[in-house]
file work32.txt (compact mmCIF, C-alpha atoms)
# COMPACT_ATOMS: atom_id res chain seq x y z
CA MET A 2 -27.15 -58.26 -52.98
CA ILE A 3 -26.57 -58.21 -56.71
CA PRO A 4 -25.00 -61.59 -57.49
CA PHE A 5 -22.50 -60.49 -60.13
CA ASP A 6 -19.76 -57.90 -60.47
CA PHE A 7 -19.84 -54.81 -62.64
CA GLU A 8 -18.08 -51.47 -62.92
CA TYR A 9 -19.55 -48.13 -61.85
CA HIS A 10 -18.87 -44.95 -63.85
CA ARG A 11 -20.22 -41.50 -63.05
CA PRO A 12 -19.36 -39.14 -65.92
CA ALA A 13 -19.49 -35.38 -65.47
CA SER A 14 -20.46 -34.49 -69.04
CA VAL A 15 -22.35 -35.82 -72.03
CA ARG A 16 -19.05 -36.21 -73.86
CA GLU A 17 -17.51 -38.24 -71.03
CA ALA A 18 -20.55 -40.49 -70.94
CA ALA A 19 -20.40 -41.16 -74.67
CA VAL A 20 -16.67 -41.88 -74.59
CA VAL A 21 -16.83 -44.25 -71.64
CA TYR A 22 -19.79 -46.09 -73.16
CA ARG A 23 -17.77 -46.74 -76.31
CA GLN A 24 -14.71 -47.81 -74.31
CA LEU A 25 -16.69 -50.19 -72.15
CA GLU A 26 -18.47 -51.63 -75.15
CA GLU A 27 -15.19 -52.25 -76.95
CA ALA A 28 -13.87 -53.91 -73.79
CA GLY A 29 -16.83 -56.30 -73.85
CA LYS A 30 -18.31 -54.89 -70.65
CA ALA A 31 -21.90 -54.62 -71.93
CA PRO A 32 -22.53 -51.18 -70.37
CA VAL A 33 -25.97 -49.87 -69.48
CA TRP A 34 -27.14 -46.32 -68.82
CA TYR A 35 -28.08 -45.78 -65.18
CA GLY A 36 -30.64 -43.25 -63.95
CA GLY A 37 -32.30 -43.75 -60.57
CA GLY A 38 -31.35 -47.40 -60.76
CA SER A 39 -34.37 -48.79 -58.92
CA GLU A 40 -35.56 -51.00 -61.76
CA LEU A 41 -32.07 -52.02 -62.75
CA ILE A 42 -31.05 -53.03 -59.21
CA SER A 43 -34.26 -54.94 -58.52
CA MET A 44 -34.00 -56.83 -61.80
CA ALA A 45 -30.28 -57.54 -61.43
CA ARG A 46 -30.84 -58.85 -57.91
CA VAL A 47 -33.09 -61.63 -59.16
CA GLY A 48 -31.08 -62.35 -62.30
CA ASN A 49 -33.44 -60.78 -64.81
CA MET A 50 -30.81 -58.42 -66.13
CA GLY A 51 -27.06 -58.69 -66.64
CA PHE A 52 -24.41 -56.11 -67.50
CA GLY A 53 -20.72 -55.47 -67.00
CA ALA A 54 -20.83 -51.76 -66.22
CA VAL A 55 -23.28 -49.02 -65.32
CA ILE A 56 -22.91 -45.41 -66.41
CA ASP A 57 -24.64 -43.18 -63.86
CA LEU A 58 -25.96 -40.13 -65.70
CA LYS A 59 -27.43 -38.19 -62.78
CA SER A 60 -24.44 -35.92 -62.20
CA ILE A 61 -24.24 -34.58 -65.75
CA PRO A 62 -25.36 -30.93 -65.53
CA ASP A 63 -27.33 -31.15 -68.81
CA CYS A 64 -29.34 -34.01 -67.30
CA ARG A 65 -30.23 -31.75 -64.34
CA LEU A 66 -31.77 -29.02 -66.49
CA LEU A 67 -34.86 -27.38 -64.97
CA ASP A 68 -35.91 -24.28 -66.84
CA ASN A 69 -39.03 -22.58 -68.15
CA SER A 70 -37.68 -19.13 -68.78
CA GLY A 71 -38.43 -19.18 -72.52
CA ASP A 72 -41.26 -20.56 -74.64
CA GLU A 73 -40.52 -24.12 -73.56
CA VAL A 74 -40.25 -26.06 -70.32
CA HIS A 75 -37.01 -28.04 -70.21
CA LEU A 76 -36.67 -30.92 -67.78
CA GLY A 77 -33.48 -32.94 -67.43
CA ALA A 78 -33.69 -36.70 -67.59
CA GLY A 79 -31.70 -36.96 -64.36
CA LEU A 80 -34.30 -35.09 -62.32
CA THR A 81 -36.20 -37.28 -59.91
CA LEU A 82 -39.96 -37.58 -60.16
CA ASP A 83 -40.17 -35.74 -56.83
CA GLU A 84 -38.04 -32.87 -58.11
CA ILE A 85 -40.24 -32.55 -61.19
CA ARG A 86 -43.37 -32.52 -59.10
CA ARG A 87 -42.05 -29.93 -56.66
CA SER A 88 -40.81 -27.71 -59.50
CA GLU A 89 -44.42 -27.20 -60.71
CA LYS A 90 -43.02 -26.43 -64.16
CA PHE A 91 -45.27 -28.94 -65.93
CA PRO A 92 -48.20 -29.62 -63.59
CA LEU A 93 -49.64 -32.57 -65.50
CA LEU A 94 -46.27 -34.29 -65.54
CA GLY A 95 -45.82 -33.41 -61.87
CA GLN A 96 -49.15 -34.94 -60.94
CA THR A 97 -48.44 -38.02 -63.03
CA ALA A 98 -45.00 -38.38 -61.44
CA GLY A 99 -46.59 -38.03 -58.01
CA ARG A 100 -48.63 -41.18 -58.61
CA ILE A 101 -45.78 -43.40 -59.80
CA ALA A 102 -44.71 -45.80 -57.05
CA ASP A 103 -44.53 -44.20 -53.57
CA HIS A 104 -43.09 -40.91 -52.37
CA THR A 105 -39.74 -42.29 -51.26
CA MET A 106 -39.33 -44.05 -54.60
CA GLN A 107 -40.22 -40.81 -56.35
CA CYS A 108 -37.11 -39.38 -54.70
CA LYS A 109 -35.00 -41.97 -56.56
CA ILE A 110 -36.72 -42.71 -59.87
CA THR A 111 -35.62 -40.31 -62.60
CA LEU A 112 -37.61 -38.97 -65.52
CA GLY A 113 -35.21 -40.65 -67.96
CA GLY A 114 -35.39 -43.91 -66.08
CA ASN A 115 -39.18 -44.01 -66.19
CA LEU A 116 -39.27 -43.18 -69.90
CA ALA A 117 -36.74 -45.91 -70.67
CA SER A 118 -38.28 -48.46 -68.31
CA THR A 119 -38.69 -52.06 -69.38
CA ILE A 120 -41.90 -52.17 -67.33
CA ILE A 121 -44.82 -51.49 -69.63
CA TYR A 122 -46.46 -48.52 -67.90
CA ARG A 123 -43.96 -45.64 -68.37
CA GLU A 124 -46.55 -43.18 -67.09
CA ALA A 125 -44.20 -40.19 -67.31
CA ALA A 126 -44.34 -40.53 -71.09
CA LEU A 127 -48.04 -39.65 -71.21
CA PRO A 128 -47.79 -35.89 -70.55
CA LEU A 129 -44.83 -35.70 -72.91
CA LEU A 130 -46.80 -37.42 -75.66
CA LEU A 131 -49.68 -35.01 -75.10
CA GLY A 132 -47.33 -32.03 -75.22
CA ASP A 133 -45.58 -33.13 -78.43
CA ALA A 134 -42.34 -33.09 -76.49
CA THR A 135 -38.89 -32.91 -77.93
CA ILE A 136 -36.40 -35.43 -76.59
CA THR A 137 -32.78 -34.31 -76.43
CA THR A 138 -30.26 -37.12 -76.46
CA GLY A 139 -26.52 -37.36 -76.02
CA GLY A 140 -24.09 -39.74 -77.63
CA GLU A 141 -20.97 -40.07 -79.72
CA LYS A 142 -22.27 -37.59 -82.26
CA GLY A 143 -23.06 -35.04 -79.60
CA ILE A 144 -26.50 -33.65 -78.85
CA LYS A 145 -29.51 -34.63 -80.97
CA ARG A 146 -33.15 -33.64 -80.77
CA TYR A 147 -36.08 -35.85 -81.71
CA ARG A 148 -39.83 -35.37 -81.74
CA ILE A 149 -41.22 -37.81 -79.21
CA ARG A 150 -43.65 -39.24 -81.74
CA ASP A 151 -40.68 -40.29 -83.87
CA ILE A 152 -38.81 -42.20 -81.19
CA PHE A 153 -41.49 -43.26 -78.72
CA ARG A 154 -43.35 -45.99 -80.55
CA ASP A 155 -44.78 -48.19 -77.81
CA ARG A 156 -41.50 -47.66 -75.98
CA LEU A 157 -38.50 -45.42 -76.26
CA GLN A 158 -36.46 -46.49 -79.27
CA LEU A 159 -33.24 -44.53 -79.10
CA PRO A 160 -30.33 -45.29 -81.41
CA LYS A 161 -27.73 -47.48 -79.73
CA ARG A 162 -25.21 -45.57 -77.63
CA GLU A 163 -27.54 -42.60 -77.11
CA PHE A 164 -29.18 -41.61 -73.84
CA ILE A 165 -31.86 -39.09 -72.90
CA VAL A 166 -30.43 -35.80 -71.70
CA SER A 167 -33.63 -33.79 -71.34
CA THR A 168 -37.16 -33.23 -72.55
CA SER A 169 -38.78 -30.02 -73.77
CA VAL A 170 -42.44 -29.08 -74.04
CA ALA A 171 -43.97 -25.84 -75.30
CA ARG A 172 -45.34 -23.80 -72.43
CA GLN A 173 -48.76 -23.66 -74.07
CA TYR A 174 -49.03 -27.39 -73.42
CA ALA A 175 -47.20 -27.47 -70.10
CA GLU A 176 -49.56 -24.84 -68.69
CA ALA A 177 -52.78 -26.10 -70.32
CA PRO A 178 -55.78 -27.31 -68.29
CA TYR A 179 -55.40 -31.00 -67.63
CA PHE A 180 -56.81 -34.20 -66.19
CA HIS A 181 -54.99 -37.00 -64.43
CA ILE A 182 -57.06 -39.99 -63.34
CA LYS A 183 -55.26 -43.09 -62.11
CA LYS A 184 -57.33 -46.15 -61.35
CA THR A 185 -55.72 -49.19 -59.77
CA LYS A 186 -57.08 -52.61 -58.99
CA ASN A 187 -57.01 -52.14 -55.24
CA GLU A 188 -54.25 -50.22 -53.48
CA LYS A 189 -53.54 -46.55 -54.12
CA ILE A 190 -49.87 -47.31 -54.73
CA ASP A 191 -49.83 -49.83 -57.54
CA TYR A 192 -49.36 -50.15 -61.25
CA PRO A 193 -52.33 -48.68 -63.08
CA LEU A 194 -55.41 -50.51 -64.17
CA ILE A 195 -55.77 -47.43 -66.36
CA THR A 196 -54.03 -44.09 -65.98
CA THR A 197 -55.75 -41.45 -68.09
CA THR A 198 -54.04 -38.14 -68.76
CA ALA A 199 -55.50 -35.38 -70.86
CA LEU A 200 -54.93 -31.76 -71.63
CA ILE A 201 -56.94 -29.20 -73.51
CA ALA A 202 -55.00 -27.20 -76.06
CA ASN A 203 -56.79 -24.65 -78.25
CA GLY A 204 -60.12 -26.15 -77.25
CA TYR A 205 -59.07 -29.62 -78.39
CA LEU A 206 -58.88 -32.55 -75.98
CA ARG A 207 -55.67 -34.55 -76.16
CA ILE A 208 -55.68 -37.83 -74.28
CA ALA A 209 -53.24 -40.64 -73.49
CA PHE A 210 -53.36 -43.81 -71.42
CA SER A 211 -51.15 -46.19 -69.49
CA GLY A 212 -52.18 -49.63 -68.31
CA LEU A 213 -54.79 -49.84 -71.01
CA ALA A 214 -52.50 -51.70 -73.38
CA ALA A 215 -49.02 -53.18 -73.22
CA TYR A 216 -47.56 -49.74 -73.88
CA PRO A 217 -48.52 -46.06 -73.39
CA VAL A 218 -51.17 -45.02 -75.90
CA ARG A 219 -52.00 -41.73 -77.56
CA ASP A 220 -54.28 -42.26 -80.54
CA GLU A 221 -55.39 -39.53 -82.96
CA VAL A 222 -58.48 -41.47 -84.00
CA VAL A 223 -59.60 -41.70 -80.40
CA GLU A 224 -59.02 -37.98 -79.92
CA ALA A 225 -61.05 -37.20 -83.07
CA ILE A 226 -63.97 -39.24 -81.75
CA LEU A 227 -63.85 -37.57 -78.33
CA ASN A 228 -63.74 -34.12 -79.89
CA ASP A 229 -66.65 -34.80 -82.29
CA GLN A 230 -69.30 -32.42 -80.99
CA SER A 231 -71.95 -33.81 -83.33
CA ILE A 232 -72.51 -36.81 -81.05
CA ASP A 233 -73.31 -37.07 -77.37
CA PHE A 234 -70.82 -37.95 -74.61
CA GLU A 235 -71.98 -41.53 -74.17
CA ARG A 236 -71.53 -42.32 -77.84
CA ARG A 237 -68.21 -40.53 -78.02
CA ALA A 238 -66.91 -42.49 -75.04
CA GLU A 239 -68.27 -45.76 -76.40
CA GLY A 240 -66.76 -45.03 -79.80
CA ALA A 241 -63.36 -44.25 -78.29
CA ALA A 242 -63.46 -47.40 -76.17
CA ALA A 243 -64.43 -49.43 -79.23
CA ALA A 244 -61.54 -47.95 -81.21
CA LEU A 245 -59.15 -49.16 -78.50
CA ALA A 246 -60.81 -52.54 -77.93
CA GLY A 247 -58.24 -54.46 -79.94
CA ILE A 248 -55.31 -53.48 -77.72
CA LEU A 249 -56.88 -53.70 -74.26
CA LEU A 250 -54.81 -55.66 -71.75
CA GLU A 251 -56.15 -58.80 -70.15
CA ASP A 252 -54.17 -59.52 -67.01
CA MET A 253 -54.37 -60.02 -63.24
CA ASN A 254 -55.22 -56.33 -62.74
CA GLY A 255 -58.36 -56.61 -64.82
CA SER A 256 -59.99 -58.22 -67.80
CA SER A 257 -60.15 -56.40 -71.12
CA ALA A 258 -63.93 -56.13 -70.67
CA TYR A 259 -63.49 -54.49 -67.28
CA ARG A 260 -60.88 -52.11 -68.64
CA ARG A 261 -63.28 -51.14 -71.43
CA PHE A 262 -66.00 -50.50 -68.86
CA VAL A 263 -63.71 -48.35 -66.71
CA LEU A 264 -62.35 -46.54 -69.75
CA LYS A 265 -65.77 -45.61 -71.06
CA ASN A 266 -66.93 -44.27 -67.71
CA THR A 267 -63.71 -42.32 -67.23
CA LEU A 268 -64.13 -40.72 -70.64
CA VAL A 269 -67.74 -39.75 -69.96
CA SER A 270 -66.64 -38.22 -66.67
CA ILE A 271 -63.95 -36.16 -68.39
CA LEU A 272 -66.28 -34.96 -71.14
CA GLU A 273 -68.92 -33.93 -68.61
CA SER A 274 -66.34 -32.04 -66.58
CA ILE A 275 -65.29 -30.10 -69.64
CA LYS A 276 -68.90 -29.29 -70.50
CA ASP A 277 -69.61 -28.06 -67.01
CA ALA A 278 -66.36 -26.09 -67.01
CA GLN A 279 -65.32 -28.14 -64.02
CA VAL A 280 -61.96 -28.91 -65.47
CA PRO A 281 -59.82 -29.82 -62.49
CA CYS A 282 -56.46 -28.25 -61.99
CA ILE A 283 -56.95 -25.33 -64.35
CA ARG A 284 -54.06 -22.98 -63.75
CA MET Z 14 -15.40 -38.86 -63.81
CA TYR Z 15 -15.84 -40.97 -60.72
CA THR Z 16 -15.14 -44.64 -61.40
CA LEU Z 17 -15.12 -47.86 -59.40
CA LYS Z 18 -13.85 -50.87 -61.32
CA GLU Z 19 -13.23 -53.39 -58.57
CA LYS Z 20 -13.30 -53.85 -54.80
CA THR Z 21 -12.18 -50.55 -53.38
CA VAL Z 22 -12.04 -48.74 -50.05
CA VAL Z 23 -14.31 -45.70 -50.27
CA THR Z 24 -15.09 -42.93 -47.84
CA LEU Z 25 -18.73 -42.53 -46.89
CA ARG Z 26 -20.05 -39.61 -44.88
CA VAL Z 27 -22.43 -41.27 -42.41
CA ASN Z 28 -24.13 -39.53 -39.50
CA GLY Z 29 -21.63 -36.69 -39.69
CA GLU Z 30 -18.54 -38.89 -39.70
CA ASP Z 31 -16.24 -40.04 -42.49
CA ARG Z 32 -16.26 -43.85 -42.53
CA GLN Z 33 -14.12 -46.18 -44.63
CA ALA Z 34 -15.73 -49.17 -46.27
CA LEU Z 35 -14.44 -51.85 -48.63
CA ILE Z 36 -17.07 -52.22 -51.35
CA ARG Z 37 -17.74 -53.87 -54.66
CA PRO Z 38 -19.08 -51.47 -57.30
CA GLY Z 39 -22.24 -53.55 -57.30
CA ASP Z 40 -22.86 -53.42 -53.56
CA ILE Z 41 -26.10 -51.88 -52.41
CA LEU Z 42 -26.02 -49.24 -49.69
CA LEU Z 43 -28.09 -51.32 -47.28
CA ASP Z 44 -25.51 -54.13 -47.25
CA THR Z 45 -22.61 -51.72 -46.85
CA LEU Z 46 -24.23 -49.96 -43.91
CA ARG Z 47 -25.11 -53.18 -42.14
CA ASP Z 48 -22.26 -55.52 -43.01
CA GLY Z 49 -19.47 -53.07 -43.74
CA LEU Z 50 -20.09 -50.40 -41.12
CA GLY Z 51 -22.08 -52.28 -38.50
CA LEU Z 52 -25.00 -49.88 -38.72
CA THR Z 53 -27.82 -52.37 -38.47
CA GLY Z 54 -30.62 -49.87 -37.89
CA ALA Z 55 -31.66 -49.95 -41.54
CA LYS Z 56 -33.52 -53.24 -41.90
CA PRO Z 57 -33.67 -55.64 -44.83
CA GLY Z 58 -37.30 -56.35 -45.64
CA CYS Z 59 -38.55 -56.90 -49.15
CA LEU Z 60 -35.25 -55.81 -50.77
CA ASN Z 61 -37.40 -54.61 -53.62
CA GLY Z 62 -38.28 -51.04 -52.67
CA ASP Z 63 -41.75 -51.85 -51.43
CA CYS Z 64 -41.61 -52.00 -47.62
CA GLY Z 65 -39.40 -49.04 -46.64
CA ALA Z 66 -37.74 -50.82 -43.70
CA CYS Z 67 -34.31 -49.95 -45.13
CA THR Z 68 -34.99 -46.22 -45.57
CA VAL Z 69 -32.10 -43.86 -44.85
CA LEU Z 70 -31.58 -40.21 -45.72
CA VAL Z 71 -29.23 -39.13 -48.45
CA ASP Z 72 -28.67 -35.38 -48.36
CA GLY Z 73 -31.83 -35.17 -46.25
CA THR Z 74 -33.99 -37.05 -48.74
CA PRO Z 75 -35.52 -40.42 -47.84
CA ILE Z 76 -34.08 -43.22 -49.96
CA LYS Z 77 -34.67 -46.95 -49.83
CA SER Z 78 -31.13 -48.19 -49.33
CA CYS Z 79 -31.89 -51.56 -50.91
CA LEU Z 80 -32.26 -49.76 -54.23
CA MET Z 81 -29.19 -47.56 -54.10
CA LEU Z 82 -25.66 -48.57 -55.01
CA THR Z 83 -23.12 -47.66 -52.35
CA ALA Z 84 -21.06 -46.09 -55.12
CA GLU Z 85 -23.89 -43.63 -55.75
CA ALA Z 86 -23.73 -42.46 -52.15
CA VAL Z 87 -20.04 -41.52 -52.25
CA GLY Z 88 -19.82 -37.77 -51.86
CA HIS Z 89 -23.23 -37.46 -50.25
CA GLU Z 90 -24.37 -37.09 -46.65
CA ILE Z 91 -25.97 -40.29 -45.36
CA THR Z 92 -28.11 -40.37 -42.22
CA THR Z 93 -29.22 -43.62 -40.62
CA VAL Z 94 -31.44 -44.19 -37.63
CA GLU Z 95 -28.27 -44.36 -35.49
CA GLY Z 96 -27.86 -40.69 -36.33
CA LEU Z 97 -31.24 -39.73 -34.91
CA SER Z 98 -30.26 -40.16 -31.28
CA ASP Z 99 -32.25 -37.87 -28.98
CA THR Z 100 -34.32 -36.34 -31.76
CA PRO Z 101 -37.94 -35.22 -31.37
CA ILE Z 102 -39.22 -37.96 -33.67
CA GLN Z 103 -37.61 -40.68 -31.53
CA ARG Z 104 -39.15 -39.22 -28.39
CA ALA Z 105 -42.52 -38.97 -30.12
CA PHE Z 106 -42.45 -42.63 -31.18
CA ILE Z 107 -41.67 -43.67 -27.61
CA GLU Z 108 -44.16 -41.38 -25.88
CA LEU Z 109 -46.99 -42.22 -28.28
CA PHE Z 110 -46.23 -45.96 -28.56
CA ALA Z 111 -45.82 -45.70 -32.31
CA PHE Z 112 -44.45 -49.21 -32.75
CA GLN Z 113 -45.13 -52.77 -31.78
CA CYS Z 114 -42.58 -55.30 -33.05
CA GLY Z 115 -40.32 -52.45 -34.12
CA TYR Z 116 -38.94 -53.92 -37.34
CA CYS Z 117 -40.34 -51.16 -39.55
CA THR Z 118 -39.67 -48.42 -36.99
CA SER Z 119 -36.30 -47.22 -38.22
CA GLY Z 120 -37.66 -46.76 -41.73
CA PHE Z 121 -40.67 -44.82 -40.47
CA LEU Z 122 -38.43 -42.71 -38.23
CA MET Z 123 -36.29 -41.72 -41.21
CA VAL Z 124 -39.29 -40.73 -43.33
CA CYS Z 125 -40.85 -38.76 -40.47
CA HIS Z 126 -37.56 -37.04 -39.62
CA ALA Z 127 -37.07 -36.05 -43.26
CA LEU Z 128 -40.61 -34.72 -43.51
CA ALA Z 129 -40.21 -32.62 -40.37
CA GLY Z 130 -36.92 -31.33 -41.74
CA GLN Z 131 -38.34 -30.32 -45.10
CA MET Z 132 -41.79 -28.97 -44.22
CA GLN Z 133 -43.02 -27.08 -41.19
CA THR Z 134 -46.77 -27.46 -41.65
CA PRO Z 135 -47.50 -30.05 -44.31
CA PRO Z 136 -51.16 -30.80 -44.99
CA ASP Z 137 -52.51 -34.14 -43.84
CA ALA Z 138 -52.54 -35.43 -47.40
CA VAL Z 139 -48.79 -34.85 -47.67
CA ILE Z 140 -48.11 -36.55 -44.34
CA ASP Z 141 -50.16 -39.54 -45.43
CA GLU Z 142 -48.44 -39.63 -48.78
CA TRP Z 143 -44.97 -39.72 -47.23
CA LEU Z 144 -45.99 -42.41 -44.74
CA GLU Z 145 -47.46 -44.54 -47.53
CA SER Z 146 -43.90 -45.29 -48.61
CA ASN Z 147 -43.52 -47.66 -45.65
CA ILE Z 148 -45.32 -50.74 -44.45
CA CYS Z 149 -46.01 -51.73 -40.83
CA ARG Z 150 -47.15 -55.32 -40.50
CA CYS Z 151 -48.32 -54.62 -36.93
CA THR Z 152 -50.52 -51.84 -38.38
CA SER Z 153 -49.32 -49.08 -36.05
CA TYR Z 154 -50.22 -46.50 -38.65
CA GLU Z 155 -52.54 -44.50 -36.42
CA GLU Z 156 -49.90 -44.07 -33.71
CA ILE Z 157 -47.15 -43.35 -36.23
CA GLY Z 158 -49.32 -40.63 -37.76
CA LYS Z 159 -49.91 -39.14 -34.32
CA ALA Z 160 -46.20 -39.20 -33.56
CA VAL Z 161 -45.14 -37.31 -36.67
CA ARG Z 162 -47.97 -34.80 -36.21
CA ALA Z 163 -46.89 -34.25 -32.60
CA VAL Z 164 -43.44 -33.29 -33.84
CA LEU Z 165 -44.75 -31.15 -36.69
CA ASN Z 166 -47.08 -29.16 -34.47
CA GLY Z 167 -44.45 -28.72 -31.78
CA GLU Z 168 -46.14 -30.82 -29.07
CA ILE Z 169 -43.00 -32.90 -28.77
CA LYS Z 170 -39.67 -31.14 -29.16
call {"tool": "encode", "arguments": {"input": "work32.txt", "output": "structure tokens"}}
result
Amino acid sequence: MIPFDFEYHRPASVREAAVVYRQLEEAGKAPVWYGGGSELISMARVGNMGFGAVIDLKSIPDCRLLDNSGDEVHLGAGLTLDEIRRSEKFPLLGQTAGRIADHTMQCKITLGGNLASTIIYREAALPLLLGDATITTGGEKGIKRYRIRDIFRDRLQLPKREFIVSTSVARQYAEAPYFHIKKTKNEKIDYPLITTTALIANGYLRIAFSGLAAYPVRDEVVEAILNDQSIDFERRAEGAAAALAGILLEDMNGSSAYRRFVLKNTLVSILESIKDAQVPCIR
Amino acid sequence: MYTLKEKTVVTLRVNGEDRQALIRPGDILLDTLRDGLGLTGAKPGCLNGDCGACTVLVDGTPIKSCLMLTAEAVGHEITTVEGLSDTPIQRAFIELFAFQCGYCTSGFLMVCHALAGQMQTPPDAVIDEWLESNICRCTSYEEIGKAVRAVLNGEIK
């Protein structure tokens, strides 16, 4: 049971959502955007989050977009992780989504909800960072589009009163060869010790991590080191791990030293797979 | 726009019937099913989306009802374990002894029923993946796996 009262609003359009947000805010209701709701309900239940109204975005048709008919793959923020996986429109994102929580939860958690999560992992952001995604938002001023690198700095930093409507990634990235390696402390279903995602675009390895630091990481310096063919795999992996050493998490899932050890070995494994043309999941 | 501002009587479609329930906008589906409609098959366990004891189907999809607002379910088809009477998966659980204390059973039944409804011949990895959403403290996993496979391969109809 959630131990406080709040209002529930389910708008049918971006415009309706923006209007009701403003109205609720002016009425002092402290509204929050609502996707799958799993994080919000579990936090509200134990008093870690308070609000006076939720605005459920899942029924807005623009948030249900699922299309790859042109040069881009468009995925609505209201799609569940399971829907994204089954669509096979962006295989790396699908595989990443398929390792977030458990299958039943994947039927509830939405793409937008994972991206906007207060929990540090936000694994669904990794493929979008690698694909230089565009984030489409809705709000009082209508539809806006942002490059993900401009609004995802450690976490999603949307202007107040805006919500994610959809994401778009060029098909050349969505259909590129990829890696997804999730390592947990113990159980298969758990937050990541390190989730490593990578894709190869135009012969260049792009790579991003969750669980490594207190936020999802894609680092151009690290990518430059890993793509430097003048040095061997071991030294590339060690160099990349060293470049990230300052941000490595130290928590109950693993020490920073252990994460560095796992990271280096994961990177060597990826580089060797590329060399041997054993890239998994090549479409 | 659908809006609930205060305690309201809503109509929920549960197990093929329209049911009236008085709810707060902040009520979770699990509480409404159990306390408002007397459908106590969905069990409260962790209340945090981890154990799966409260799993129901919403439009045929397994959902942990502790993490769904009742308001979200308005307009959708809800199936609880009470709606699985005389189904193959119930017979399979009985015939293959796929439970011990039984507390997790309704949640497992819902997941298995949904899987059988969505896929005819899922690979083992998919079956395992679906079942990993639920926890059985008596560790009946082997028998539960056999039960769902018996339904999927038509041994129990």
call {"tool": "closest_residue", "arguments": {"input": "work32.txt", "among": "A:Lys265, A:Ile190, A:Leu76, A:Glu26", "to": "chain Z", "atoms": "all atoms listed in the file"}}
result
A:Ile190
call {"tool": "atom_distance", "arguments": {"input": "work32.txt", "atom1": "CA of Ala125 in chain A", "atom2": "CA of Ala242 in chain A"}}
result
22.4 Å
call {"tool": "closest_residue", "arguments": {"input": "work32.txt", "among": "Z:Cys149, Z:Val161, Z:Ile41, Z:Ile102", "to": "chain A", "atoms": "only C-alpha atoms"}}
result
Z:Ile41
call {"tool": "atom_distance", "arguments": {"input": "work32.txt", "atom1": "CA of Pro92 in chain A", "atom2": "CA of Ala244 in chain A"}}
result
28.7 Å
call {"tool": "closest_residue", "arguments": {"input": "work32.txt", "among": "Z:Ala163, Z:Arg37, Z:Cys151, Z:Glu85", "to": "Ile56 in chain A", "atoms": "all atoms listed in the file"}}
result
Z:Glu85
call {"tool": "atom_distance", "arguments": {"input": "work32.txt", "atom1": "CA of Met106 in chain A", "atom2": "CA of Gly37 in chain A"}}
result
9.2 Å
call {"tool": "residues_around", "arguments": {"input": "work32.txt", "residues": "Ala18 in chain A", "least_positions_apart": "4", "cutoff": "8 Å", "atoms": "only C-alpha atoms", "output": "list in words"}}
result
Arg11, Pro12, Ala13, Ser14, Tyr22, Ile56, Leu58 and Gly140 of chain A
call {"tool": "decode", "arguments": {"input": "work32.txt", "residues": "range 257-268 of chain A", "atoms": "N, CA and C atoms", "output": "CSV table (one decimal), in the first residue's frame"}}
result
chain,number,residue,atom,x,y,z
A,257,SER,N,36.5,-1.4,-6.3
A,257,SER,CA,36.9,-0.8,-7.5
A,257,SER,C,38.1,-1.6,-8.2
A,258,ALA,N,38.9,-2.2,-7.3
A,258,ALA,CA,40.0,-3.1,-7.9
A,258,ALA,C,39.4,-4.3,-8.6
A,259,TYR,N,38.4,-4.9,-8.1
A,259,TYR,CA,37.8,-6.0,-8.7
A,259,TYR,C,37.1,-5.6,-10.0
A,260,ARG,N,36.4,-4.5,-10.0
A,260,ARG,CA,35.8,-4.0,-11.2
A,260,ARG,C,36.8,-3.7,-12.3
A,261,ARG,N,38.0,-3.2,-11.9
A,261,ARG,CA,39.0,-2.9,-12.9
A,261,ARG,C,39.5,-4.2,-13.5
A,262,PHE,N,39.7,-5.2,-12.7
A,262,PHE,CA,40.1,-6.5,-13.1
A,262,PHE,C,39.1,-7.1,-14.1
A,263,VAL,N,37.8,-7.1,-13.7
A,263,VAL,CA,36.8,-7.6,-14.6
A,263,VAL,C,36.7,-6.8,-15.9
A,264,LEU,N,36.8,-5.5,-15.8
A,264,LEU,CA,36.7,-4.6,-17.0
A,264,LEU,C,37.8,-5.0,-17.9
A,265,LYS,N,39.0,-5.1,-17.4
A,265,LYS,CA,40.2,-5.3,-18.3
A,265,LYS,C,40.0,-6.6,-19.1
A,266,ASN,N,39.6,-7.7,-18.3
A,266,ASN,CA,39.4,-9.0,-19.0
A,266,ASN,C,38.3,-9.0,-20.0
A,267,THR,N,37.2,-8.2,-19.7
A,267,THR,CA,36.1,-8.1,-20.6
A,267,THR,C,36.5,-7.4,-21.9
A,268,LEU,N,37.3,-6.4,-21.7
A,268,LEU,CA,37.8,-5.7,-22.9
A,268,LEU,C,38.7,-6.5,-23.8
